[in-house]
Each structure stands twice: as structure tokens, then as C-alpha cells.
$ cat input_0.cif   # mmCIF, C-alpha atoms
data_run
#
loop_
_atom_site.group_PDB
_atom_site.id
_atom_site.type_symbol
_atom_site.label_atom_id
_atom_site.label_comp_id
_atom_site.auth_asym_id
_atom_site.auth_seq_id
_atom_site.Cartn_x
_atom_site.Cartn_y
_atom_site.Cartn_z
ATOM 1 C CA MET G 56 33.237 -29.784 -11.316
ATOM 2 C CA LEU G 57 29.913 -31.154 -10.032
ATOM 3 C CA GLN G 58 31.753 -34.062 -8.451
ATOM 4 C CA THR G 59 33.794 -31.572 -6.427
ATOM 5 C CA PHE G 60 30.599 -29.711 -5.538
ATOM 6 C CA GLU G 61 29.033 -32.965 -4.341
ATOM 7 C CA ARG G 62 31.986 -33.915 -2.156
ATOM 8 C CA ALA G 63 32.188 -30.431 -0.666
ATOM 9 C CA ALA G 64 28.436 -30.136 -0.049
ATOM 10 C CA LEU G 65 28.127 -33.570 1.550
ATOM 11 C CA GLU G 66 31.066 -32.962 3.868
ATOM 12 C CA ALA G 67 29.742 -29.529 4.788
ATOM 13 C CA GLY G 68 26.271 -30.957 5.372
ATOM 14 C CA LYS G 69 27.689 -33.590 7.703
ATOM 15 C CA ALA G 70 29.384 -30.873 9.763
ATOM 16 C CA ILE G 71 26.182 -28.827 9.822
ATOM 17 C CA MET G 72 24.133 -31.756 11.072
ATOM 18 C CA ALA G 73 26.609 -32.411 13.892
ATOM 19 C CA VAL G 74 25.987 -28.848 15.098
ATOM 20 C CA TYR G 75 22.242 -29.096 14.437
ATOM 21 C CA ILE G 76 21.922 -32.184 16.626
ATOM 22 C CA LYS G 77 24.055 -30.762 19.428
ATOM 23 C CA GLY G 78 22.766 -27.176 19.278
ATOM 24 C CA CYS G 79 24.799 -23.985 19.280
ATOM 25 C CA MET G 80 24.860 -20.299 20.122
ATOM 26 C CA VAL G 81 23.645 -17.745 17.589
ATOM 27 C CA ALA G 82 25.439 -14.479 16.798
ATOM 28 C CA CYS G 83 24.433 -11.528 14.630
ATOM 29 C CA LYS G 84 26.421 -10.105 11.738
ATOM 30 C CA ALA G 85 26.678 -6.404 10.940
ATOM 31 C CA ASP G 86 23.445 -6.532 8.934
ATOM 32 C CA ASN G 87 21.643 -8.184 11.895
ATOM 33 C CA SER G 88 21.299 -11.503 10.069
ATOM 34 C CA PRO G 89 22.047 -14.570 12.212
ATOM 35 C CA VAL G 90 25.190 -16.668 11.943
ATOM 36 C CA THR G 91 26.249 -19.855 13.737
ATOM 37 C CA VAL G 92 29.336 -21.993 14.034
ATOM 38 C CA ALA G 93 27.683 -24.313 11.499
ATOM 39 C CA ASP G 94 27.818 -21.566 8.845
ATOM 40 C CA GLU G 95 31.500 -20.985 9.559
ATOM 41 C CA GLN G 96 32.530 -24.641 9.665
ATOM 42 C CA ALA G 97 30.656 -25.449 6.463
ATOM 43 C CA GLU G 98 32.240 -22.531 4.622
ATOM 44 C CA ARG G 99 35.749 -23.583 5.642
ATOM 45 C CA ILE G 100 35.107 -27.086 4.313
ATOM 46 C CA ILE G 101 33.717 -25.860 0.994
ATOM 47 C CA LEU G 102 36.494 -23.328 0.465
ATOM 48 C CA ALA G 103 39.120 -26.000 1.105
ATOM 49 C CA HIS G 104 37.636 -28.196 -1.643
ATOM 50 C CA LEU G 105 37.272 -25.378 -4.160
ATOM 51 C CA HIS G 106 40.713 -23.885 -3.543
ATOM 52 C CA SER G 107 42.295 -27.346 -3.840
ATOM 53 C CA GLU G 108 40.581 -28.332 -7.090
ATOM 54 C CA PHE G 109 40.219 -24.925 -8.748
ATOM 55 C CA PRO G 110 42.909 -22.638 -7.272
ATOM 56 C CA ASP G 111 42.615 -20.056 -10.057
ATOM 57 C CA ILE G 112 38.856 -19.482 -9.775
ATOM 58 C CA PRO G 113 37.855 -16.842 -7.187
ATOM 59 C CA VAL G 114 35.225 -17.710 -4.590
ATOM 60 C CA ILE G 115 32.605 -15.292 -3.294
ATOM 61 C CA ALA G 116 31.350 -16.870 -0.063
ATOM 62 C CA GLU G 117 28.803 -15.347 2.305
ATOM 63 C CA GLU G 118 30.700 -15.493 5.575
ATOM 64 C CA SER G 119 33.959 -14.433 3.963
ATOM 65 C CA VAL G 120 32.246 -11.407 2.449
ATOM 66 C CA ALA G 121 30.801 -10.576 5.880
ATOM 67 C CA ALA G 122 34.380 -10.640 7.205
ATOM 68 C CA GLY G 123 35.551 -8.306 4.448
ATOM 69 C CA ILE G 124 37.241 -10.969 2.308
ATOM 70 C CA VAL G 125 36.038 -10.239 -1.236
ATOM 71 C CA PRO G 126 38.370 -11.380 -4.022
ATOM 72 C CA ALA G 127 38.280 -9.686 -7.402
ATOM 73 C CA ILE G 128 36.229 -11.614 -9.930
ATOM 74 C CA GLY G 129 36.570 -12.026 -13.666
ATOM 75 C CA SER G 130 34.324 -13.777 -16.149
ATOM 76 C CA SER G 131 34.072 -16.898 -13.984
ATOM 77 C CA PHE G 132 33.832 -17.433 -10.234
ATOM 78 C CA PHE G 133 32.126 -19.502 -7.544
ATOM 79 C CA LEU G 134 29.289 -18.382 -5.289
ATOM 80 C CA VAL G 135 28.897 -20.155 -1.934
ATOM 81 C CA ASP G 136 26.246 -19.986 0.739
ATOM 82 C CA PRO G 137 27.422 -22.561 3.275
ATOM 83 C CA LEU G 138 24.133 -22.549 5.206
ATOM 84 C CA ASP G 139 21.193 -21.034 3.388
ATOM 85 C CA GLY G 140 18.191 -20.736 5.664
ATOM 86 C CA THR G 141 20.037 -20.047 8.892
ATOM 87 C CA ARG G 142 16.729 -18.946 10.444
ATOM 88 C CA GLU G 143 15.243 -22.349 9.568
ATOM 89 C CA PHE G 144 18.310 -24.004 11.095
ATOM 90 C CA ILE G 145 17.924 -21.998 14.302
ATOM 91 C CA ASP G 146 14.160 -22.654 14.475
ATOM 92 C CA ARG G 147 14.725 -26.418 13.993
ATOM 93 C CA ARG G 148 13.018 -26.543 10.606
ATOM 94 C CA PRO G 149 14.763 -28.953 8.203
ATOM 95 C CA GLU G 150 14.664 -26.754 5.079
ATOM 96 C CA PHE G 151 18.184 -25.289 5.357
ATOM 97 C CA THR G 152 20.630 -26.018 2.545
ATOM 98 C CA VAL G 153 24.244 -25.925 1.389
ATOM 99 C CA ASN G 154 24.620 -23.949 -1.863
ATOM 100 C CA ILE G 155 27.559 -24.000 -4.287
ATOM 101 C CA ALA G 156 27.439 -22.523 -7.790
ATOM 102 C CA TYR G 157 29.730 -21.782 -10.708
ATOM 103 C CA ILE G 158 29.175 -18.577 -12.671
ATOM 104 C CA ALA G 159 30.442 -18.013 -16.215
ATOM 105 C CA ASP G 160 29.877 -14.757 -18.100
ATOM 106 C CA GLY G 161 27.199 -13.700 -15.639
ATOM 107 C CA HIS G 162 25.176 -16.922 -15.873
ATOM 108 C CA PRO G 163 24.806 -19.735 -13.296
ATOM 109 C CA VAL G 164 25.933 -22.787 -15.253
ATOM 110 C CA ALA G 165 26.466 -25.400 -12.511
ATOM 111 C CA GLY G 166 25.236 -25.801 -8.971
ATOM 112 C CA ILE G 167 24.358 -28.048 -6.085
ATOM 113 C CA VAL G 168 21.832 -27.580 -3.296
ATOM 114 C CA PHE G 169 22.022 -30.058 -0.406
ATOM 115 C CA ALA G 170 19.391 -30.232 2.324
ATOM 116 C CA PRO G 171 21.194 -32.405 4.901
ATOM 117 C CA ALA G 172 18.299 -32.681 7.359
ATOM 118 C CA LEU G 173 16.052 -33.948 4.561
ATOM 119 C CA GLY G 174 18.590 -36.315 3.011
ATOM 120 C CA ILE G 175 18.165 -34.886 -0.484
ATOM 121 C CA ALA G 176 20.269 -32.827 -2.853
ATOM 122 C CA PHE G 177 19.793 -31.319 -6.292
ATOM 123 C CA SER G 178 22.435 -30.657 -8.908
ATOM 124 C CA GLY G 179 22.472 -29.274 -12.404
ATOM 125 C CA GLU G 180 24.624 -28.077 -15.260
ATOM 126 C CA ARG G 181 23.952 -27.174 -18.887
ATOM 127 C CA GLY G 182 20.633 -28.929 -19.527
ATOM 128 C CA ASN G 183 21.063 -31.819 -17.098
ATOM 129 C CA ALA G 184 19.478 -31.694 -13.628
ATOM 130 C CA GLU G 185 19.207 -34.430 -11.004
ATOM 131 C CA LYS G 186 17.743 -35.139 -7.607
ATOM 132 C CA LEU G 187 20.105 -37.016 -5.303
ATOM 133 C CA TYR G 188 19.040 -39.203 -2.397
ATOM 134 C CA ILE G 189 21.559 -39.161 0.460
ATOM 135 C CA ASP G 190 21.845 -41.872 3.116
ATOM 136 C CA SER G 191 22.645 -41.517 6.815
ATOM 137 C CA ASP G 192 26.375 -41.872 6.095
ATOM 138 C CA PHE G 193 26.205 -38.892 3.733
ATOM 139 C CA GLN G 194 26.681 -41.033 0.654
ATOM 140 C CA ILE G 195 24.647 -40.789 -2.539
ATOM 141 C CA GLU G 196 22.212 -43.725 -2.696
ATOM 142 C CA ARG G 197 20.692 -42.955 -6.080
ATOM 143 C CA ARG G 198 20.060 -40.237 -8.631
ATOM 144 C CA ARG G 199 16.979 -39.276 -10.597
ATOM 145 C CA PRO G 200 16.817 -36.919 -13.591
ATOM 146 C CA ILE G 201 14.416 -34.012 -13.074
ATOM 147 C CA ASN G 202 12.714 -31.479 -15.305
ATOM 148 C CA VAL G 203 10.244 -28.662 -14.875
ATOM 149 C CA ARG G 204 6.635 -29.491 -15.599
ATOM 150 C CA LEU G 205 4.542 -28.042 -18.375
ATOM 151 C CA ALA G 206 2.573 -24.991 -17.335
ATOM 152 C CA LYS G 207 -0.892 -25.897 -16.086
ATOM 153 C CA ALA G 208 -4.114 -23.945 -16.246
ATOM 154 C CA LYS G 209 -4.163 -23.950 -12.445
ATOM 155 C CA ARG G 210 -0.699 -22.932 -11.354
ATOM 156 C CA THR G 211 0.886 -23.244 -7.919
ATOM 157 C CA ALA G 212 3.421 -20.895 -6.352
ATOM 158 C CA LEU G 213 6.206 -20.992 -3.790
ATOM 159 C CA ALA G 214 7.148 -18.112 -1.507
ATOM 160 C CA SER G 215 9.729 -17.380 1.150
ATOM 161 C CA ARG G 216 8.850 -18.512 4.661
ATOM 162 C CA SER G 217 10.881 -15.822 6.430
ATOM 163 C CA HIS G 218 10.839 -12.996 3.865
ATOM 164 C CA ASP G 219 7.372 -12.856 2.373
ATOM 165 C CA SER G 220 5.862 -9.511 1.329
ATOM 166 C CA PRO G 221 2.500 -7.907 0.467
ATOM 167 C CA ARG G 222 3.733 -7.566 -3.101
ATOM 168 C CA THR G 223 3.868 -11.352 -3.362
ATOM 169 C CA ALA G 224 0.182 -11.523 -2.488
ATOM 170 C CA ARG G 225 -0.590 -8.915 -5.162
ATOM 171 C CA PHE G 226 1.391 -10.852 -7.756
ATOM 172 C CA LEU G 227 -0.471 -14.059 -6.938
ATOM 173 C CA ALA G 228 -3.823 -12.262 -7.227
ATOM 174 C CA GLU G 229 -2.838 -10.724 -10.569
ATOM 175 C CA GLN G 230 -1.809 -14.144 -11.850
ATOM 176 C CA ALA G 231 -4.984 -15.782 -10.459
ATOM 177 C CA ILE G 232 -2.852 -18.181 -8.392
ATOM 178 C CA THR G 233 -4.636 -19.368 -5.274
ATOM 179 C CA GLU G 234 -2.293 -22.129 -4.109
ATOM 180 C CA CYS G 235 0.983 -21.004 -2.519
ATOM 181 C CA THR G 236 3.385 -22.853 -0.223
ATOM 182 C CA ASN G 237 5.855 -21.013 2.008
ATOM 183 C CA ILE G 238 9.214 -22.694 2.341
ATOM 184 C CA GLY G 239 12.678 -21.583 3.410
ATOM 185 C CA SER G 240 16.052 -21.549 1.617
ATOM 186 C CA SER G 241 16.913 -22.291 -1.998
ATOM 187 C CA LEU G 242 14.727 -25.396 -2.004
ATOM 188 C CA LYS G 243 12.099 -23.265 -3.758
ATOM 189 C CA PHE G 244 14.188 -23.296 -6.936
ATOM 190 C CA CYS G 245 14.636 -27.053 -6.631
ATOM 191 C CA LEU G 246 10.929 -27.747 -6.226
ATOM 192 C CA LEU G 247 10.309 -25.800 -9.419
ATOM 193 C CA ALA G 248 13.088 -27.769 -11.098
ATOM 194 C CA GLU G 249 11.544 -31.126 -10.231
ATOM 195 C CA GLY G 250 8.072 -30.085 -11.354
ATOM 196 C CA GLU G 251 6.419 -29.667 -7.945
ATOM 197 C CA ALA G 252 5.313 -26.063 -8.557
ATOM 198 C CA ASP G 253 5.180 -23.425 -11.284
ATOM 199 C CA VAL G 254 6.431 -20.064 -10.048
ATOM 200 C CA TYR G 255 8.454 -18.439 -7.274
ATOM 201 C CA PRO G 256 8.135 -14.637 -7.071
ATOM 202 C CA ARG G 257 10.673 -12.798 -4.912
ATOM 203 C CA PHE G 258 10.104 -9.163 -4.001
ATOM 204 C CA THR G 259 12.371 -8.907 -0.965
ATOM 205 C CA ARG G 260 16.152 -8.624 -0.930
ATOM 206 C CA THR G 261 18.407 -11.539 -1.786
ATOM 207 C CA MET G 262 22.115 -11.868 -2.426
ATOM 208 C CA GLU G 263 23.672 -13.745 -5.299
ATOM 209 C CA TRP G 264 24.944 -16.563 -3.069
ATOM 210 C CA ASP G 265 21.344 -17.110 -1.913
ATOM 211 C CA THR G 266 20.085 -17.810 -5.422
ATOM 212 C CA ALA G 267 22.900 -18.925 -7.744
ATOM 213 C CA ALA G 268 22.986 -22.668 -7.019
ATOM 214 C CA GLY G 269 19.225 -23.123 -7.077
ATOM 215 C CA ASP G 270 18.960 -20.930 -10.167
ATOM 216 C CA ALA G 271 21.590 -23.032 -11.956
ATOM 217 C CA ILE G 272 19.611 -26.188 -11.196
ATOM 218 C CA LEU G 273 16.330 -24.612 -12.283
ATOM 219 C CA ARG G 274 17.790 -23.452 -15.593
ATOM 220 C CA ALA G 275 19.373 -26.877 -16.185
ATOM 221 C CA ALA G 276 15.923 -28.422 -15.634
ATOM 222 C CA GLY G 277 14.305 -26.142 -18.216
ATOM 223 C CA GLY G 278 13.138 -23.235 -16.056
ATOM 224 C CA SER G 279 14.128 -19.590 -15.872
ATOM 225 C CA THR G 280 14.709 -16.737 -13.451
ATOM 226 C CA LEU G 281 13.765 -13.319 -14.791
ATOM 227 C CA THR G 282 14.013 -9.817 -13.423
ATOM 228 C CA LEU G 283 10.880 -7.681 -13.525
ATOM 229 C CA ASP G 284 11.835 -6.310 -16.942
ATOM 230 C CA GLY G 285 11.798 -9.857 -18.341
ATOM 231 C CA ARG G 286 15.552 -10.351 -18.610
ATOM 232 C CA PRO G 287 17.471 -13.323 -17.154
ATOM 233 C CA LEU G 288 18.893 -12.655 -13.696
ATOM 234 C CA THR G 289 22.652 -12.156 -13.982
ATOM 235 C CA TYR G 290 25.490 -12.675 -11.496
ATOM 236 C CA GLY G 291 28.644 -10.791 -10.658
ATOM 237 C CA LYS G 292 26.839 -7.493 -10.063
ATOM 238 C CA THR G 293 29.331 -5.087 -8.505
ATOM 239 C CA ARG G 294 29.544 -1.311 -8.170
ATOM 240 C CA GLN G 295 25.773 -1.018 -8.118
ATOM 241 C CA ALA G 296 24.577 2.517 -7.541
ATOM 242 C CA HIS G 297 21.361 1.411 -5.841
ATOM 243 C CA ASP G 298 22.627 -1.500 -3.726
ATOM 244 C CA SER G 299 25.679 -3.328 -2.451
ATOM 245 C CA ASP G 300 27.865 -5.650 -4.500
ATOM 246 C CA PHE G 301 26.255 -9.013 -5.304
ATOM 247 C CA ALA G 302 22.750 -7.910 -4.316
ATOM 248 C CA ASN G 303 19.902 -9.121 -6.529
ATOM 249 C CA PRO G 304 16.968 -7.127 -7.838
ATOM 250 C CA ASP G 305 13.440 -8.502 -7.481
ATOM 251 C CA PHE G 306 12.860 -11.524 -9.696
ATOM 252 C CA ILE G 307 10.393 -14.228 -10.695
ATOM 253 C CA SER G 308 11.459 -17.841 -11.189
ATOM 254 C CA TRP G 309 9.344 -19.960 -13.513
ATOM 255 C CA GLY G 310 9.168 -23.710 -13.746
ATOM 256 C CA GLY G 311 7.747 -23.842 -17.249
ATOM 257 C CA VAL G 312 7.255 -21.206 -19.907
ATOM 258 C CA PRO G 313 6.939 -17.748 -18.270
ATOM 259 C CA GLN G 314 3.384 -16.497 -18.258
ATOM 260 C CA PRO G 315 2.325 -12.859 -18.765
#

$ encode --input "input_0.cif" --output "C-alpha cells"
Amino acid sequence: MLQTFERAALEAGKAIMAVYIKGCMVACKADNSPVTVADEQAERIILAHLHSEFPDIPVIAEESVAAGIVPAIGSSFFLVDPLDGTREFIDRRPEFTVNIAYIADGHPVAGIVFAPALGIAFSGERGNAEKLYIDSDFQIERRRPINVRLAKAKRTALASRSHDSPRTARFLAEQAITECTNIGSSLKFCLLAEGEADVYPRFTRTMEWDTAAGDAILRAAGGSTLTLDGRPLTYGKTRQAHDSDFANPDFISWGGVPQP
């Protein structure tokens, strides 16, 4: 499955970079979030790969959902964000990513995150996580196993670049964390997974396709993503009384052992 994810993500990333280099118009979806032709092209590529290789597994993909295409899901399904960090893409920051994840029984068990402008990708499944180095021809040059680091006395945090909140600052103060880096897209999960930071608190709205791939990689590398009641974040949340289908609650992702 990860091999299919890799092929799909690399092809989608190549299409995204062609648009990134040339430039494009930006439109707004119904929720006022931005969308570009790069989002749409990348999603078509990914869906073609997934439907070809796994025709019986439903796919929940961001742009399809925005267009009203939401297949019924069972115990297993894919979550796709073809261009996570569209604001970074528009602002010419290289942190945007391609996200593909497989969900089984509510848990993210496999995923890939590809940052095409940075030439790196991360993948993970069931206790095995890797960092991939991608060349200019969108081929994998080499792989390196990654793991979260042991919790340190002086911890460092990651926060959203575009969706930070005052509650994040309060959390960092309560945890006595003074070092925090703001970065866009699902790369925050990946930096935790490779041991570059310790915690990523998120107190503003996310959707499951935003988090699933990075969360799968983080868990495969030994980390965790917990809701504020201390339970693992789950996926496939539909018919929610307080929010729309596939919306996440607030959560905290930890690189090492969660700290009180």
C-alpha cells in the first residue's frame, strides 16, 4: 500500500510543482478557504492511483468533499489532502505537502507526507517510519529510518503558521516551554516523528484529511496524538452533533512520552 502512496504522492507533487513554478489563480471554496488548480490536479492523480489499486476502499478527499462527493465509509477508508498548506503554496513558502493516509477501525495505520518544494517525504506504517529524499526527477534517492526522540527536560514545540491561537501560548506557558517554531502543513507531525521537536498543540479547527497522514507517520515513529481528554485521536467521525463530518476536536501531538 505504501508503494502506491509513494507513486501517487510523487506524481501529484510533480504536478503541483509545475503549477507552483508557473503560478496560478486562486479561488475560494464555500468555507472561504483557498483552492487552486494545483489542489484539483493533484487530487485527480491521487484518486486515479487509489481507485486503480484499491477499488473497494472508499476515499474521502478534501476537494471531492467540497464538491459534495462523500462516499459512505466502513471500517477502512483513505483520507487524502492533495495540497495541505494551500496558503503556504499561495504565499510562496515551501512547506506545503501532499497527504495520503489509510484508516482502519478509526486509527491511522499508514500514511505518506510529501513536501515537493523541499524534496523530502515521510512515510510510516505499523511501527516503521522513514524519511525519503527525493531528487529533481521526483525519484526516491534514499531512505532513512526515523523515530521520535526521548523527552528532554527542555522541550521544544511546533505550532501552526497560519492558524495559531492564544490558547497555544497558554499551553506553552503551562508546560514551561519557551521554544516554539511556527510551520505550515502536516510537516509538524513529521518533525516530531524524526525527533526534531517534542510537542505540537492544536487548538484551532482541523479536518481529518489535514492530520491523518502525518498522524500515521508520527504513531509509526513512536509518538502519539491525543485529544484533550487524553484519548487517541480517532478518524471516521461522522454525524457529529457539534461539528461537521470529519472535523477534528482540539488535540496535542507528542513526540515522546506525553507529559502532564

$ resolve_selection --input "input_0.cif" --expression "the PyMOL selection byres ((chain G and resi 210) around 9)" --output "ChimeraX atom specification"
/G:206-209,211-212,230-234,252-254

$ write_last_selection --input "input_0.cif" --atoms "C-alpha atoms" --output "mmCIF file, in the coordinates of the input"
data_model
loop_
_atom_site.group_PDB
_atom_site.id
_atom_site.type_symbol
_atom_site.label_atom_id
_atom_site.label_comp_id
_atom_site.auth_asym_id
_atom_site.auth_seq_id
_atom_site.Cartn_x
_atom_site.Cartn_y
_atom_site.Cartn_z
ATOM 1 C CA ALA G 206 2.573 -24.991 -17.335
ATOM 2 C CA LYS G 207 -0.892 -25.897 -16.086
ATOM 3 C CA ALA G 208 -4.114 -23.945 -16.246
ATOM 4 C CA LYS G 209 -4.163 -23.950 -12.445
ATOM 5 C CA THR G 211 0.886 -23.244 -7.919
ATOM 6 C CA ALA G 212 3.421 -20.895 -6.352
ATOM 7 C CA GLN G 230 -1.809 -14.144 -11.850
ATOM 8 C CA ALA G 231 -4.984 -15.782 -10.459
ATOM 9 C CA ILE G 232 -2.852 -18.181 -8.392
ATOM 10 C CA THR G 233 -4.636 -19.368 -5.274
ATOM 11 C CA GLU G 234 -2.293 -22.129 -4.109
ATOM 12 C CA ALA G 252 5.313 -26.063 -8.557
ATOM 13 C CA ASP G 253 5.180 -23.425 -11.284
ATOM 14 C CA VAL G 254 6.431 -20.064 -10.048
#

$ atom_distance --input "input_0.cif" --atom1 "atom CA of Arg62 of chain G" --atom2 "atom CA of Ile101 of chain G"
8.8 Å

$ residues_around --input "input_0.cif" --residues "Thr282 of chain G" --least-positions-apart "4" --cutoff "7 Å" --atoms "all atoms listed in the file" --output "number ranges by chain"
G: 286-288, 304-307

$ resolve_selection --input "input_0.cif" --expression "the PyMOL selection byres ((chain G and resi 194) around 10)" --output "ChimeraX atom specification"
/G:61-62,65-66,174,187-193,195-197

$ closest_residue --input "input_0.cif" --among "G:Thr152, G:Gln58, G:Ser131, G:Thr259" --to "Pro113 of chain G" --atoms "all atoms listed in the file"
G:Ser131

$ resolve_selection --input "input_0.cif" --expression "the PyMOL selection byres ((chain G and resi 96) around 10)" --output "PDB file with C-alpha atoms, in the frame of the given file"
ATOM      1  CA  ALA G  67      29.742 -29.529   4.788  1.00  0.00           C
ATOM      2  CA  GLY G  68      26.271 -30.957   5.372  1.00  0.00           C
ATOM      3  CA  ALA G  70      29.384 -30.873   9.763  1.00  0.00           C
ATOM      4  CA  ILE G  71      26.182 -28.827   9.822  1.00  0.00           C
ATOM      5  CA  VAL G  74      25.987 -28.848  15.098  1.00  0.00           C
ATOM      6  CA  THR G  91      26.249 -19.855  13.737  1.00  0.00           C
ATOM      7  CA  VAL G  92      29.336 -21.993  14.034  1.00  0.00           C
ATOM      8  CA  ALA G  93      27.683 -24.313  11.499  1.00  0.00           C
ATOM      9  CA  ASP G  94      27.818 -21.566   8.845  1.00  0.00           C
ATOM     10  CA  GLU G  95      31.500 -20.985   9.559  1.00  0.00           C
ATOM     11  CA  ALA G  97      30.656 -25.449   6.463  1.00  0.00           C
ATOM     12  CA  GLU G  98      32.240 -22.531   4.622  1.00  0.00           C
ATOM     13  CA  ARG G  99      35.749 -23.583   5.642  1.00  0.00           C
ATOM     14  CA  ILE G 100      35.107 -27.086   4.313  1.00  0.00           C
ATOM     15  CA  ILE G 101      33.717 -25.860   0.994  1.00  0.00           C
ATOM     16  CA  PRO G 137      27.422 -22.561   3.275  1.00  0.00           C
ATOM     17  CA  LEU G 138      24.133 -22.549   5.206  1.00  0.00           C
TER      18      LEU G 138
END

$ atom_distance --input "input_0.cif" --atom1 "atom CA of Arg198 of chain G" --atom2 "atom CA of Glu185 of chain G"
6.3 Å

$ residues_around --input "input_0.cif" --residues "Ile128 of chain G" --least-positions-apart "2" --cutoff "9 Å" --atoms "only C-alpha atoms" --output "PyMOL selection string"
chain G and resi 112-115+125-126+130-132+291

$ atom_distance --input "input_0.cif" --atom1 "atom CA of Ile155 of chain G" --atom2 "atom CA of Leu205 of chain G"
27.3 Å

$ closest_residue --input "input_0.cif" --among "G:Leu57, G:Gly311, G:Ile238, G:Pro110" --to "Arg148 of chain G" --atoms "only C-alpha atoms"
G:Ile238

$ residues_near_point --input "input_0.cif" --point "(13.2, -30.0, 14.8)" --cutoff "12 Å" --atoms "only C-alpha atoms" --output "PDB file with C-alpha atoms, in the coordinates of the input"
ATOM      1  CA  MET G  72      24.133 -31.756  11.072  1.00  0.00           C
ATOM      2  CA  TYR G  75      22.242 -29.096  14.437  1.00  0.00           C
ATOM      3  CA  ILE G  76      21.922 -32.184  16.626  1.00  0.00           C
ATOM      4  CA  LYS G  77      24.055 -30.762  19.428  1.00  0.00           C
ATOM      5  CA  GLY G  78      22.766 -27.176  19.278  1.00  0.00           C
ATOM      6  CA  GLU G 143      15.243 -22.349   9.568  1.00  0.00           C
ATOM      7  CA  PHE G 144      18.310 -24.004  11.095  1.00  0.00           C
ATOM      8  CA  ILE G 145      17.924 -21.998  14.302  1.00  0.00           C
ATOM      9  CA  ASP G 146      14.160 -22.654  14.475  1.00  0.00           C
ATOM     10  CA  ARG G 147      14.725 -26.418  13.993  1.00  0.00           C
ATOM     11  CA  ARG G 148      13.018 -26.543  10.606  1.00  0.00           C
ATOM     12  CA  PRO G 149      14.763 -28.953   8.203  1.00  0.00           C
ATOM     13  CA  GLU G 150      14.664 -26.754   5.079  1.00  0.00           C
ATOM     14  CA  PHE G 151      18.184 -25.289   5.357  1.00  0.00           C
ATOM     15  CA  ALA G 172      18.299 -32.681   7.359  1.00  0.00           C
ATOM     16  CA  LEU G 173      16.052 -33.948   4.561  1.00  0.00           C
TER      17      LEU G 173
END

$ closest_residue --input "input_0.cif" --among "G:Leu281, G:Ala170, G:Val153, G:Val135" --to "Lys186 of chain G" --atoms "only C-alpha atoms"
G:Ala170
